[in-house]
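Here's data-v4.txt, which has compact mmCIF, C-alpha atoms:
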```txt
# COMPACT_ATOMS: atom_id res chain seq x y z
CA MET A 1 91.04 -19.21 -66.22
CA SER A 2 88.12 -18.49 -68.58
CA ASN A 3 88.22 -15.91 -71.34
CA GLY A 4 85.71 -13.79 -69.41
CA GLN A 5 87.87 -13.85 -66.27
CA GLN A 6 90.94 -12.85 -68.30
CA GLN A 7 89.07 -9.91 -69.79
CA VAL A 8 87.93 -8.74 -66.33
CA MET A 9 91.54 -8.86 -65.12
CA ARG A 10 92.82 -6.94 -68.16
CA ALA A 11 90.10 -4.32 -67.72
CA ALA A 12 90.98 -3.87 -64.05
CA GLU A 13 94.70 -3.60 -64.77
CA THR A 14 94.21 -1.06 -67.56
CA TYR A 15 91.48 1.26 -66.32
CA LEU A 16 91.12 1.09 -62.54
CA PRO A 17 94.45 2.88 -61.82
CA GLN A 18 93.44 5.69 -64.22
CA LEU A 19 90.02 5.99 -62.60
CA GLN A 20 91.36 6.09 -59.07
CA GLN A 21 93.70 8.97 -59.94
CA ARG A 22 91.05 11.31 -61.33
CA ASN A 23 88.24 11.58 -58.80
CA GLY A 24 89.13 14.96 -57.27
CA THR A 25 86.50 17.20 -55.70
CA VAL A 26 83.06 16.60 -57.21
CA PRO A 27 79.49 16.80 -55.91
CA PRO A 28 78.38 13.71 -53.96
CA TRP A 29 75.75 12.77 -56.56
CA LEU A 30 78.33 12.84 -59.38
CA ARG A 31 80.84 10.90 -57.30
CA ARG A 32 78.12 8.30 -56.74
CA ILE A 33 77.58 7.88 -60.49
CA ARG A 34 81.30 7.50 -61.10
CA GLU A 35 81.73 5.02 -58.28
CA GLU A 36 78.80 2.94 -59.47
CA GLY A 37 80.43 2.87 -62.88
CA ILE A 38 83.84 1.90 -61.48
CA ASN A 39 82.41 -0.87 -59.32
CA ARG A 40 80.18 -2.27 -62.05
CA PHE A 41 82.95 -2.22 -64.64
CA ALA A 42 85.35 -3.91 -62.22
CA GLU A 43 82.72 -6.60 -61.71
CA LEU A 44 81.83 -7.15 -65.38
CA GLY A 45 84.96 -6.43 -67.38
CA PHE A 46 84.34 -6.49 -71.12
CA PRO A 47 81.50 -8.53 -72.65
CA THR A 48 82.30 -11.83 -74.39
CA THR A 49 80.74 -13.74 -77.27
CA GLN A 50 79.24 -16.15 -74.71
CA MET A 51 76.69 -13.41 -73.95
CA GLU A 52 73.63 -13.47 -76.22
CA ASP A 53 73.70 -9.72 -76.98
CA TRP A 54 77.39 -9.97 -77.95
CA LYS A 55 77.25 -13.33 -79.71
CA TYR A 56 78.46 -11.97 -83.05
CA THR A 57 80.67 -9.12 -81.80
CA ASN A 58 84.04 -10.00 -80.32
CA VAL A 59 85.44 -7.00 -78.44
CA ALA A 60 88.81 -8.65 -77.75
CA PRO A 61 90.54 -6.11 -80.06
CA ILE A 62 89.34 -3.42 -77.62
CA ALA A 63 89.98 -5.39 -74.44
CA ASN A 64 93.53 -6.29 -75.46
CA VAL A 65 94.73 -2.72 -76.01
CA PRO A 66 95.81 -0.62 -72.99
CA PHE A 67 94.03 2.59 -73.98
CA GLN A 68 95.05 5.68 -72.03
CA LEU A 69 93.35 9.00 -71.34
CA PRO A 70 94.78 11.58 -73.75
CA GLY A 71 96.45 14.78 -72.66
CA ALA A 72 95.29 18.23 -73.70
CA VAL A 73 95.54 18.95 -77.42
CA ALA A 74 96.48 22.44 -78.60
CA ALA A 75 94.13 23.99 -81.16
CA SER A 76 96.66 24.18 -84.00
CA ALA A 77 95.95 25.90 -87.31
CA ARG A 78 95.83 22.49 -88.97
CA LEU A 79 93.24 21.19 -86.52
CA ALA A 80 91.22 24.39 -86.85
CA GLU A 81 91.20 23.92 -90.63
CA HIS A 82 89.94 20.34 -90.23
CA VAL A 83 87.18 21.49 -87.88
CA HIS A 84 86.18 24.31 -90.23
CA LEU A 85 85.70 21.80 -93.07
CA LEU A 86 83.80 19.36 -90.85
CA ARG A 87 81.50 22.04 -89.46
CA GLY A 88 80.41 23.13 -92.90
CA ARG A 89 77.68 25.75 -92.72
CA ALA A 90 76.47 24.90 -89.21
CA SER A 91 76.01 28.11 -87.21
CA ASN A 92 75.77 26.46 -83.77
CA THR A 93 78.59 23.99 -83.19
CA LEU A 94 80.11 22.49 -80.05
CA VAL A 95 83.53 20.98 -80.79
CA PHE A 96 85.24 18.37 -78.62
CA VAL A 97 88.80 17.19 -79.26
CA ASN A 98 89.62 13.78 -77.81
CA GLY A 99 86.52 14.08 -75.63
CA ARG A 100 87.26 17.54 -74.21
CA TYR A 101 85.43 20.74 -75.04
CA ALA A 102 87.36 23.10 -77.31
CA ALA A 103 85.80 26.54 -76.81
CA GLU A 104 88.14 28.21 -79.32
CA LEU A 105 86.90 25.89 -82.09
CA SER A 106 83.22 26.12 -81.14
CA SER A 107 80.59 28.64 -82.18
CA LEU A 108 77.16 29.33 -80.67
CA ARG A 109 74.75 32.03 -81.73
CA ALA A 110 71.09 32.63 -82.56
CA LEU A 111 69.91 30.81 -79.45
CA PRO A 112 66.61 31.64 -77.70
CA ALA A 113 66.57 32.56 -74.02
CA GLY A 114 65.23 29.17 -72.93
CA ALA A 115 68.16 27.20 -74.37
CA LYS A 116 71.27 26.24 -72.41
CA ILE A 117 73.85 24.67 -74.70
CA GLY A 118 77.50 24.03 -73.97
CA SER A 119 80.05 21.83 -72.26
CA LEU A 120 78.73 19.30 -69.75
CA ALA A 121 81.86 19.75 -67.62
CA ALA A 122 81.08 23.45 -67.24
CA ALA A 123 77.43 22.69 -66.50
CA LEU A 124 78.41 20.25 -63.74
CA GLU A 125 80.06 23.18 -61.97
CA ALA A 126 77.61 25.98 -62.76
CA GLU A 127 74.29 24.20 -63.41
CA GLY A 128 74.36 21.26 -61.01
CA PRO A 129 70.66 21.49 -59.99
CA LEU A 130 69.70 21.56 -63.68
CA VAL A 131 71.80 18.52 -64.60
CA GLU A 132 71.44 16.28 -61.54
CA PRO A 133 67.80 15.18 -62.10
CA HIS A 134 68.71 13.78 -65.52
CA LEU A 135 72.36 12.72 -65.69
CA GLY A 136 72.73 8.96 -65.23
CA ARG A 137 68.96 8.51 -64.75
CA TYR A 138 68.25 7.09 -68.22
CA ALA A 139 71.51 5.31 -69.08
CA SER A 140 72.21 3.58 -65.78
CA PRO A 141 75.84 2.69 -64.95
CA THR A 142 74.64 -0.84 -64.17
CA GLN A 143 73.21 -1.56 -67.64
CA GLN A 144 76.29 -3.01 -69.33
CA SER A 145 80.06 -2.77 -69.06
CA PHE A 146 80.65 -0.06 -71.69
CA THR A 147 78.00 2.17 -70.13
CA ALA A 148 79.62 1.52 -66.75
CA LEU A 149 83.05 2.47 -68.13
CA ASN A 150 81.61 5.69 -69.53
CA ALA A 151 80.06 6.54 -66.15
CA ALA A 152 83.36 5.86 -64.41
CA PHE A 153 85.14 8.32 -66.73
CA LEU A 154 82.21 10.78 -66.79
CA ASP A 155 83.64 14.24 -67.19
CA ASP A 156 82.73 16.12 -70.36
CA GLY A 157 80.43 16.09 -73.35
CA ALA A 158 77.57 18.19 -74.65
CA LEU A 159 74.63 19.63 -72.74
CA VAL A 160 71.54 20.69 -74.68
CA TYR A 161 68.76 21.88 -72.38
CA LEU A 162 65.51 23.46 -73.56
CA ALA A 163 63.09 25.06 -71.14
CA LYS A 164 59.34 24.72 -71.61
CA GLY A 165 58.14 26.07 -74.95
CA THR A 166 61.65 26.72 -76.36
CA ASP A 167 62.02 26.28 -80.11
CA VAL A 168 65.56 26.13 -81.49
CA THR A 169 65.12 26.46 -85.24
CA GLU A 170 68.78 26.02 -86.27
CA PRO A 171 70.36 22.55 -85.81
CA ILE A 172 72.86 22.14 -82.97
CA HIS A 173 75.99 20.38 -84.26
CA VAL A 174 78.01 18.47 -81.65
CA LEU A 175 81.31 17.49 -83.26
CA PHE A 176 83.71 15.01 -81.65
CA VAL A 177 87.14 14.99 -83.28
CA SER A 178 89.77 12.36 -82.45
CA THR A 179 93.42 13.00 -83.26
CA ALA A 180 95.21 9.78 -82.10
CA PRO A 181 98.33 11.50 -80.69
CA GLY A 182 100.79 8.61 -81.18
CA GLN A 183 99.41 6.18 -78.58
CA PRO A 184 96.12 4.31 -78.20
CA THR A 185 93.75 6.66 -76.37
CA ILE A 186 90.24 6.44 -74.97
CA ALA A 187 87.54 9.13 -74.87
CA CYS A 188 84.26 8.67 -72.96
CA PRO A 189 82.00 11.58 -73.91
CA ARG A 190 78.67 11.86 -72.10
CA ASN A 191 75.94 13.89 -73.79
CA LEU A 192 72.71 15.05 -72.16
CA ILE A 193 69.76 16.37 -74.19
CA VAL A 194 66.69 17.53 -72.28
CA ALA A 195 63.66 18.96 -74.10
CA GLU A 196 60.97 20.14 -71.71
CA GLU A 197 57.28 20.42 -72.56
CA HIS A 198 56.38 21.86 -75.98
CA SER A 199 60.04 22.44 -76.91
CA ARG A 200 61.71 21.49 -80.16
CA VAL A 201 65.31 20.93 -81.27
CA THR A 202 67.47 19.18 -83.88
CA VAL A 203 70.82 17.83 -82.68
CA VAL A 204 73.52 16.49 -85.00
CA GLU A 205 76.07 14.33 -83.17
CA SER A 206 79.18 13.60 -85.28
CA TYR A 207 82.28 11.50 -84.62
CA VAL A 208 85.28 11.93 -86.92
CA GLY A 209 88.92 10.86 -86.89
CA VAL A 210 91.32 13.29 -88.58
CA ASP A 211 94.74 11.63 -88.26
CA GLY A 212 94.00 7.91 -88.45
CA GLY A 213 95.61 5.66 -85.86
CA SER A 214 94.13 3.48 -83.13
CA TYR A 215 91.81 5.04 -80.56
CA PHE A 216 88.63 4.10 -78.74
CA THR A 217 85.50 6.25 -78.44
CA ASN A 218 83.03 5.03 -75.80
CA ALA A 219 80.09 7.44 -75.95
CA VAL A 220 76.79 7.67 -74.09
CA THR A 221 73.95 10.04 -74.97
CA GLU A 222 70.92 10.48 -72.70
CA ILE A 223 67.81 12.12 -74.13
CA ALA A 224 64.69 13.16 -72.23
CA VAL A 225 61.76 14.24 -74.42
CA GLY A 226 59.11 16.05 -72.41
CA PRO A 227 55.33 16.16 -73.01
CA ARG A 228 54.52 17.21 -76.59
CA ALA A 229 58.19 18.00 -77.22
CA GLN A 230 60.02 17.10 -80.42
CA VAL A 231 63.65 15.99 -80.77
CA ASP A 232 65.30 15.09 -84.07
CA HIS A 233 68.61 13.36 -83.42
CA TYR A 234 71.18 12.71 -86.15
CA ARG A 235 74.19 10.54 -85.42
CA LEU A 236 77.04 10.42 -87.95
CA GLN A 237 79.92 8.01 -87.28
CA ARG A 238 82.99 8.48 -89.50
CA GLU A 239 85.81 7.30 -87.27
CA ALA A 240 89.28 6.45 -88.62
CA GLU A 241 89.81 3.03 -90.20
CA GLU A 242 91.73 1.63 -87.21
CA ALA A 243 89.45 3.15 -84.57
CA PHE A 244 86.96 1.47 -82.24
CA HIS A 245 83.59 3.00 -81.47
CA VAL A 246 80.97 1.88 -78.95
CA ALA A 247 77.91 4.02 -78.25
CA THR A 248 74.72 3.91 -76.23
CA ILE A 249 71.78 6.24 -76.88
CA GLN A 250 69.14 6.08 -74.15
CA VAL A 251 65.84 7.93 -74.71
CA ARG A 252 62.83 8.46 -72.46
CA GLN A 253 59.68 9.95 -73.97
CA ASP A 254 56.81 11.64 -72.15
CA ALA A 255 53.18 12.10 -73.24
CA ALA A 256 52.50 12.81 -76.93
CA SER A 257 56.18 13.49 -77.61
CA HIS A 258 57.98 12.81 -80.87
CA PHE A 259 61.53 11.49 -81.24
CA ALA A 260 63.31 10.76 -84.52
CA SER A 261 66.70 9.08 -84.79
CA HIS A 262 68.84 9.02 -87.94
CA SER A 263 71.96 6.88 -87.44
CA ILE A 264 74.65 6.75 -90.14
CA SER A 265 77.71 4.51 -89.69
CA LEU A 266 80.56 4.64 -92.21
CA GLY A 267 83.92 4.36 -90.41
CA GLY A 268 85.73 2.44 -87.70
CA ALA A 269 87.29 -1.02 -87.53
CA LEU A 270 84.84 -2.30 -84.90
CA VAL A 271 81.64 -0.36 -84.22
CA ARG A 272 78.72 -1.10 -81.90
CA THR A 273 75.71 1.20 -81.40
CA ASP A 274 72.86 0.57 -78.95
CA ILE A 275 69.71 2.71 -79.24
CA ASN A 276 67.12 2.19 -76.50
CA ILE A 277 63.79 4.03 -76.54
CA VAL A 278 61.25 4.00 -73.72
CA LEU A 279 57.77 5.24 -74.66
CA ASP A 280 56.92 6.04 -71.06
CA ALA A 281 53.56 7.81 -71.51
CA GLU A 282 50.49 7.68 -73.72
CA GLY A 283 50.58 8.78 -77.34
CA CYS A 284 54.36 8.79 -77.91
CA GLU A 285 55.80 8.56 -81.42
CA CYS A 286 59.30 7.51 -82.43
CA GLU A 287 61.09 6.92 -85.71
CA LEU A 288 64.39 5.08 -86.04
CA ASP A 289 66.28 5.22 -89.34
CA GLY A 290 69.70 3.65 -89.79
CA LEU A 291 72.20 3.22 -92.60
CA TYR A 292 75.51 1.38 -92.27
CA VAL A 293 78.09 0.92 -95.02
CA ALA A 294 81.06 -1.38 -94.33
CA ARG A 295 83.91 -2.73 -96.43
CA GLY A 296 87.26 -4.45 -96.03
CA THR A 297 87.31 -6.13 -92.60
CA GLN A 298 85.03 -3.62 -90.85
CA HIS A 299 82.59 -4.92 -88.25
CA VAL A 300 79.43 -2.91 -87.55
CA ASP A 301 76.81 -3.88 -84.95
CA HIS A 302 73.47 -2.18 -84.26
CA HIS A 303 71.20 -3.14 -81.37
CA THR A 304 67.90 -1.30 -81.00
CA MET A 305 65.19 -1.61 -78.37
CA ILE A 306 61.80 0.14 -78.39
CA ASP A 307 59.81 -0.33 -75.20
CA HIS A 308 56.09 0.44 -75.56
CA LYS A 309 55.12 0.90 -71.90
CA LYS A 310 51.91 2.91 -72.27
CA PRO A 311 48.90 2.92 -74.65
CA ARG A 312 48.70 4.41 -78.14
CA GLY A 313 52.40 4.51 -78.83
CA THR A 314 53.66 4.44 -82.41
CA SER A 315 57.09 3.36 -83.59
CA ARG A 316 58.61 3.04 -87.05
CA GLU A 317 62.02 1.52 -87.67
CA LEU A 318 63.97 1.06 -90.90
CA TYR A 319 67.63 0.02 -90.94
CA LYS A 320 69.60 -0.70 -94.10
CA GLY A 321 73.09 -2.11 -94.50
CA ILE A 322 75.55 -2.36 -97.39
CA LEU A 323 78.49 -4.73 -96.85
CA ASP A 324 81.42 -5.34 -99.20
CA GLY A 325 84.75 -7.17 -99.00
CA ARG A 326 84.99 -9.30 -95.84
CA ALA A 327 82.91 -6.92 -93.75
CA THR A 328 80.55 -8.28 -91.10
CA GLY A 329 77.36 -6.78 -89.78
CA VAL A 330 74.92 -7.34 -86.94
CA PHE A 331 71.40 -6.04 -86.48
CA ASN A 332 69.32 -6.98 -83.44
CA GLY A 333 66.08 -5.04 -83.15
CA LYS A 334 63.71 -5.62 -80.23
CA VAL A 335 60.21 -4.25 -79.77
CA PHE A 336 58.48 -4.78 -76.41
CA VAL A 337 54.78 -4.12 -75.97
CA ARG A 338 53.83 -4.16 -72.27
CA PRO A 339 50.50 -5.60 -71.03
CA ASN A 340 48.86 -2.18 -70.57
CA ALA A 341 50.22 -0.70 -73.83
CA GLN A 342 47.02 -1.30 -75.80
CA LYS A 343 46.57 0.33 -79.23
CA SER A 344 50.33 0.24 -79.83
CA ASP A 345 51.46 0.37 -83.45
CA ALA A 346 54.99 -0.83 -84.22
CA GLN A 347 56.70 -1.61 -87.52
CA GLN A 348 60.30 -2.77 -87.84
CA VAL A 349 62.28 -3.55 -90.99
CA ASN A 350 65.95 -4.44 -91.59
CA ARG A 351 67.24 -4.78 -95.16
CA ASN A 352 70.79 -5.71 -96.13
CA LEU A 353 72.71 -5.75 -99.38
CA LEU A 354 75.82 -7.94 -99.72
CA LEU A 355 78.18 -6.87 -102.50
CA SER A 356 80.69 -9.72 -102.15
CA ASP A 357 80.69 -13.45 -101.44
CA ASP A 358 82.77 -12.92 -98.29
CA ALA A 359 80.56 -10.32 -96.59
CA VAL A 360 78.47 -11.66 -93.68
CA MET A 361 75.32 -10.26 -92.07
CA ASN A 362 73.60 -11.50 -88.91
CA THR A 363 70.10 -10.07 -88.41
CA LYS A 364 67.55 -10.80 -85.71
CA PRO A 365 64.35 -8.72 -85.56
CA GLN A 366 62.28 -9.46 -82.45
CA LEU A 367 58.76 -8.72 -81.20
CA GLU A 368 57.65 -9.44 -77.64
CA ILE A 369 53.97 -8.56 -77.31
CA PHE A 370 52.03 -8.84 -74.05
CA ALA A 371 48.95 -6.87 -75.11
CA ASP A 372 46.15 -8.09 -77.36
CA ASP A 373 44.91 -4.91 -79.08
CA VAL A 374 48.00 -3.93 -81.09
CA LYS A 375 49.25 -3.64 -84.67
CA CYS A 376 52.84 -4.85 -84.96
CA SER A 377 55.04 -6.25 -87.72
CA HIS A 378 58.70 -6.97 -88.32
CA GLY A 379 60.91 -8.37 -91.06
CA ALA A 380 64.46 -8.71 -92.34
CA THR A 381 66.11 -9.43 -95.68
CA ILE A 382 69.66 -10.25 -96.77
CA GLY A 383 70.30 -10.28 -100.48
CA ARG A 384 72.35 -9.28 -103.46
CA LEU A 385 71.74 -6.91 -106.33
CA ASP A 386 68.74 -7.87 -108.40
CA ASP A 387 69.78 -9.69 -111.59
CA GLU A 388 66.77 -8.46 -113.54
CA ALA A 389 67.47 -4.85 -112.59
CA LEU A 390 71.11 -5.28 -113.60
CA PHE A 391 70.05 -6.80 -116.93
CA TYR A 392 67.65 -3.94 -117.56
CA LEU A 393 70.30 -1.28 -116.97
CA ARG A 394 72.89 -3.11 -119.07
CA SER A 395 70.37 -3.51 -121.89
CA ARG A 396 70.14 0.28 -121.92
CA GLY A 397 73.86 0.61 -122.60
CA ILE A 398 75.08 1.04 -119.00
CA GLY A 399 78.24 -0.91 -118.12
CA GLU A 400 78.11 -3.58 -115.44
CA THR A 401 80.18 -1.63 -112.90
CA SER A 402 78.11 1.52 -113.33
CA ALA A 403 74.88 -0.47 -113.15
CA ARG A 404 75.95 -2.04 -109.84
CA GLN A 405 76.90 1.36 -108.46
CA LEU A 406 73.56 2.87 -109.47
CA LEU A 407 71.54 0.07 -107.86
CA THR A 408 73.59 0.21 -104.67
CA TYR A 409 73.20 3.98 -104.50
CA ALA A 410 69.44 3.65 -105.01
CA PHE A 411 69.26 1.13 -102.16
CA ALA A 412 70.83 3.63 -99.72
CA SER A 413 69.31 6.82 -101.07
CA GLU A 414 65.89 6.08 -99.54
CA LEU A 415 67.30 6.71 -96.07
CA ILE A 416 69.50 9.63 -97.05
CA GLY A 417 66.43 11.24 -98.61
CA ARG A 418 64.70 11.20 -95.22
CA ILE A 419 67.33 13.49 -93.68
CA LYS A 420 65.76 16.92 -93.17
CA VAL A 421 68.97 18.87 -92.54
CA GLU A 422 70.04 19.79 -96.05
CA PRO A 423 73.83 20.22 -95.51
CA ILE A 424 74.01 16.75 -93.93
CA ARG A 425 71.89 15.20 -96.66
CA VAL A 426 74.05 16.72 -99.40
CA GLN A 427 77.30 15.76 -97.65
CA LEU A 428 76.25 12.14 -97.09
CA ASP A 429 74.99 11.89 -100.64
CA GLN A 430 78.42 12.97 -101.88
CA ILE A 431 80.26 10.61 -99.51
CA LEU A 432 78.16 7.64 -100.55
CA TRP A 433 78.51 8.41 -104.24
CA SER A 434 82.31 8.84 -104.01
CA ARG A 435 82.68 5.66 -101.97
CA LEU A 436 80.69 3.60 -104.46
CA HIS A 437 82.77 5.02 -107.30
CA GLY A 438 86.09 4.67 -105.49
CA THR A 439 86.93 8.38 -105.70
CA GLY A 440 87.48 11.23 -103.27
CA PRO A 441 88.81 11.30 -99.69
CA GLU A 442 85.91 9.25 -98.33
CA ALA A 443 86.25 6.48 -100.93
```

Could you write out this structure as structure tokens?
Amino acid sequence: MSNGQQQVMRAAETYLPQLQQRNGTVPPWLRRIREEGINRFAELGFPTTQMEDWKYTNVAPIANVPFQLPGAVAASARLAEHVHLLRGRASNTLVFVNGRYAAELSSLRALPAGAKIGSLAAALEAEGPLVEPHLGRYASPTQQSFTALNAAFLDDGALVYLAKGTDVTEPIHVLFVSTAPGQPTIACPRNLIVAEEHSRVTVVESYVGVDGGSYFTNAVTEIAVGPRAQVDHYRLQREAEEAFHVATIQVRQDAASHFASHSISLGGALVRTDINIVLDAEGCECELDGLYVARGTQHVDHHTMIDHKKPRGTSRELYKGILDGRATGVFNGKVFVRPNAQKSDAQQVNRNLLLSDDAVMNTKPQLEIFADDVKCSHGATIGRLDDEALFYLRSRGIGETSARQLLTYAFASELIGRIKVEPIRVQLDQILWSRLHGTGPEA
């Protein structure tokens, strides 16, 4: 029996009984999404390193653990204190504990009339006609096995819906907290962000582990950006050291819309993030920024895809990685320019800094261009700290360790400086600085 066949069998034995027990009474269209997910996951199982897109990421540590759906978690004073610290100064916060909405820990205020923000599970009951045209339409259950598994478990997550012309000035913070209650658990949050014409919103999506332990977060976020709408999406991943995290962000943009993604990855034992953008109308703009910092034996994988389907689309992508210890990293960035997407302008850059001899980075920027009137470029670098810069700092009386820390901080600070939400920028700046200096709780 092949490794792939064994993984399919393990997946079926672990998850299919849990899925079959939870279907209950749901609308036919939602049942269809779940069943498509169940059937596709049963067919595929987990991906293997024999697949090109998973060549450098072995998910056997996930496939070999019998993760279970967690039970309800009481909102203890200790958990509330953790959430209060994680929320910071955010006024509008949706909190999910082990994938389930925690109303008592959440806070929403200062929202305009055209905004509907809350639990997806509640919206499935009360706002079905609003959700149905979008849910599962961008991140199809048939795309890959982790997306299929998420669809099969589809139950709760965040809904952010903006009617035409709605402007939400304060960021919406969606906070997912995992508590690892003594056994390996799985959470499959599904988030839906819809910004209709001329609307604008900033969404901060955070994943944090508060008790350590082994758990698995398998998240999917679907984003629809309407004509001339603007969505700024921040994604902060700070899972526990023993946790696994797989995520898919699927975005569809309409005419003259603007989408910006800021992805920060700091935690987790094995992490994979897929960001797929479809510029589905003329004049779309998208920006993808990413920063990943890994150490020890962490493995972090980023796959991005920007699909220029229509003319005059613009995309900018900059991902940076810092790897220390025996950490491994993967970056695979693809840009497609379709035959009728003339006047497209795409730039893609991946830069990586290795701080140890044992750290490994695999990078593969790709351009596939089928139009002739375009302006596209891509590039990737893997290197170490610049010897001349180190010599310069040391010649000014700065010790070698401090000089290395300063240069590493400067390498990352370019991306942190692009973050527009000040509390997040300040917090990440502090986390990065403490980690580089080996101090503080995030070190």

Within 7 Å of (87.1, 7.0, -85.7) (coordinates as in the file), grab all the protein and nucleic acid residues, counting only C-alpha atoms, and write them out as a PDB file with C-alpha atoms, keeping the file's coordinate frame.
```pdb
ATOM      1  CA  SER A 178      89.770  12.360 -82.450  1.00  0.00           C
ATOM      2  CA  TYR A 207      82.280  11.500 -84.620  1.00  0.00           C
ATOM      3  CA  VAL A 208      85.280  11.930 -86.920  1.00  0.00           C
ATOM      4  CA  GLY A 209      88.920  10.860 -86.890  1.00  0.00           C
ATOM      5  CA  ARG A 238      82.990   8.480 -89.500  1.00  0.00           C
ATOM      6  CA  GLU A 239      85.810   7.300 -87.270  1.00  0.00           C
ATOM      7  CA  ALA A 240      89.280   6.450 -88.620  1.00  0.00           C
ATOM      8  CA  GLU A 241      89.810   3.030 -90.200  1.00  0.00           C
ATOM      9  CA  ALA A 243      89.450   3.150 -84.570  1.00  0.00           C
ATOM     10  CA  PHE A 244      86.960   1.470 -82.240  1.00  0.00           C
ATOM     11  CA  HIS A 245      83.590   3.000 -81.470  1.00  0.00           C
ATOM     12  CA  GLY A 267      83.920   4.360 -90.410  1.00  0.00           C
ATOM     13  CA  GLY A 268      85.730   2.440 -87.700  1.00  0.00           C
TER      14      GLY A 268
END
```

* Asked: Do you know which residues are at most 9 Å from Thr297 in chain A counting only C-alpha atoms, after dropping those on the same chain fewer than 6 positions away, and could you put them as number ranges by chain?
  -> A: 269-270, 324-328, 359

* Surrounding residues of range 136-147 of chain A excluding itself and chain neighbours under 3 positions, 9 Å, only C-alpha atoms, as number ranges by chain -> A: 30, 33-34, 36-38, 40-47, 132-133, 150-152, 218-224, 246-252

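Using all atoms listed in the file, the nearest neighbour of Leu385 in chain A within the list A:Ile424, A:Ile416, A:Leu130, A:Leu353 is A:Leu353.
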
* Asked: For Gly283 in chain A, which of A:Ile172, A:Ala180, A:Val374, A:Ala256 is the closest residue, counting all atoms listed in the file?
  ->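 Of all the options, A:Ala256 lies closest to Gly283 in chain A.
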
Give, as lines of an AutoDock Vina configuration file, the centre coordinates and the x, y and z edge lengths in Å to one decimal for an axis-aligned box around all listed atoms of range 188-205 of chain A, padded by 6 Å on each side.
```
center_x = 70.3
center_y = 15.6
center_z = -78.4
size_x = 39.9
size_y = 25.8
size_z = 25.3
```

* Å distance separating CA of Arg316 in chain A from CA of Asp167 in chain A, one decimal place ->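 CA of Asp167 in chain A lies 24.5 Å from CA of Arg316 in chain A.
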
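When CA of Phe96 in chain A is paired with CA of Arg200 in chain A, their separation reads 23.8 Å.
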
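Across A:Val168, A:Leu94, A:Leu120, A:Leu105, the tightest approach to Glu205 in chain A is made by A:Leu94 when counting all atoms listed in the file.
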
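Between CA of Asn98 in chain A and CA of Val177 in chain A lies a distance of 6.1 Å.
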
* Structure fact -> Min atom-atom distance to Leu406 in chain A from the set A:Val26, A:Ile419, A:Val426, A:Leu436, counting all atoms listed in the file, belongs to A:Leu436

* Just give me the residues with any atom within 12 Å of (71.9, 24.4, -64.8), file coordinates, counting all atoms listed in the file, written as a list in words. => Gly114, Ala115, Lys116, Ile117, Gly118, Ser119, Leu120, Ala121, Ala122, Ala123, Leu124, Glu125, Ala126, Glu127, Gly128, Pro129, Leu130, Val131, Glu132, Pro133, His134, Leu135, Leu159, Val160, Tyr161, Leu162, Ala163, Leu192 and Val194 of chain A

For the selection you just gave me, I'd like the residues written to a file as a PDB file, keeping the file's coordinate frame, keeping C-alpha atoms.
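The resulting file, selection36.pdb, is reproduced below:
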```
ATOM      1  CA  GLY A 114      65.230  29.170 -72.930  1.00  0.00           C
ATOM      2  CA  ALA A 115      68.160  27.200 -74.370  1.00  0.00           C
ATOM      3  CA  LYS A 116      71.270  26.240 -72.410  1.00  0.00           C
ATOM      4  CA  ILE A 117      73.850  24.670 -74.700  1.00  0.00           C
ATOM      5  CA  GLY A 118      77.500  24.030 -73.970  1.00  0.00           C
ATOM      6  CA  SER A 119      80.050  21.830 -72.260  1.00  0.00           C
ATOM      7  CA  LEU A 120      78.730  19.300 -69.750  1.00  0.00           C
ATOM      8  CA  ALA A 121      81.860  19.750 -67.620  1.00  0.00           C
ATOM      9  CA  ALA A 122      81.080  23.450 -67.240  1.00  0.00           C
ATOM     10  CA  ALA A 123      77.430  22.690 -66.500  1.00  0.00           C
ATOM     11  CA  LEU A 124      78.410  20.250 -63.740  1.00  0.00           C
ATOM     12  CA  GLU A 125      80.060  23.180 -61.970  1.00  0.00           C
ATOM     13  CA  ALA A 126      77.610  25.980 -62.760  1.00  0.00           C
ATOM     14  CA  GLU A 127      74.290  24.200 -63.410  1.00  0.00           C
ATOM     15  CA  GLY A 128      74.360  21.260 -61.010  1.00  0.00           C
ATOM     16  CA  PRO A 129      70.660  21.490 -59.990  1.00  0.00           C
ATOM     17  CA  LEU A 130      69.700  21.560 -63.680  1.00  0.00           C
ATOM     18  CA  VAL A 131      71.800  18.520 -64.600  1.00  0.00           C
ATOM     19  CA  GLU A 132      71.440  16.280 -61.540  1.00  0.00           C
ATOM     20  CA  PRO A 133      67.800  15.180 -62.100  1.00  0.00           C
ATOM     21  CA  HIS A 134      68.710  13.780 -65.520  1.00  0.00           C
ATOM     22  CA  LEU A 135      72.360  12.720 -65.690  1.00  0.00           C
ATOM     23  CA  LEU A 159      74.630  19.630 -72.740  1.00  0.00           C
ATOM     24  CA  VAL A 160      71.540  20.690 -74.680  1.00  0.00           C
ATOM     25  CA  TYR A 161      68.760  21.880 -72.380  1.00  0.00           C
ATOM     26  CA  LEU A 162      65.510  23.460 -73.560  1.00  0.00           C
ATOM     27  CA  ALA A 163      63.090  25.060 -71.140  1.00  0.00           C
ATOM     28  CA  LEU A 192      72.710  15.050 -72.160  1.00  0.00           C
ATOM     29  CA  VAL A 194      66.690  17.530 -72.280  1.00  0.00           C
TER      30      VAL A 194
END
```

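Distances here use only C-alpha atoms; by that measure, the residue among A:Arg418, A:Arg404, A:His437, A:Arg228 closest to Asp387 in chain A is A:Arg404.
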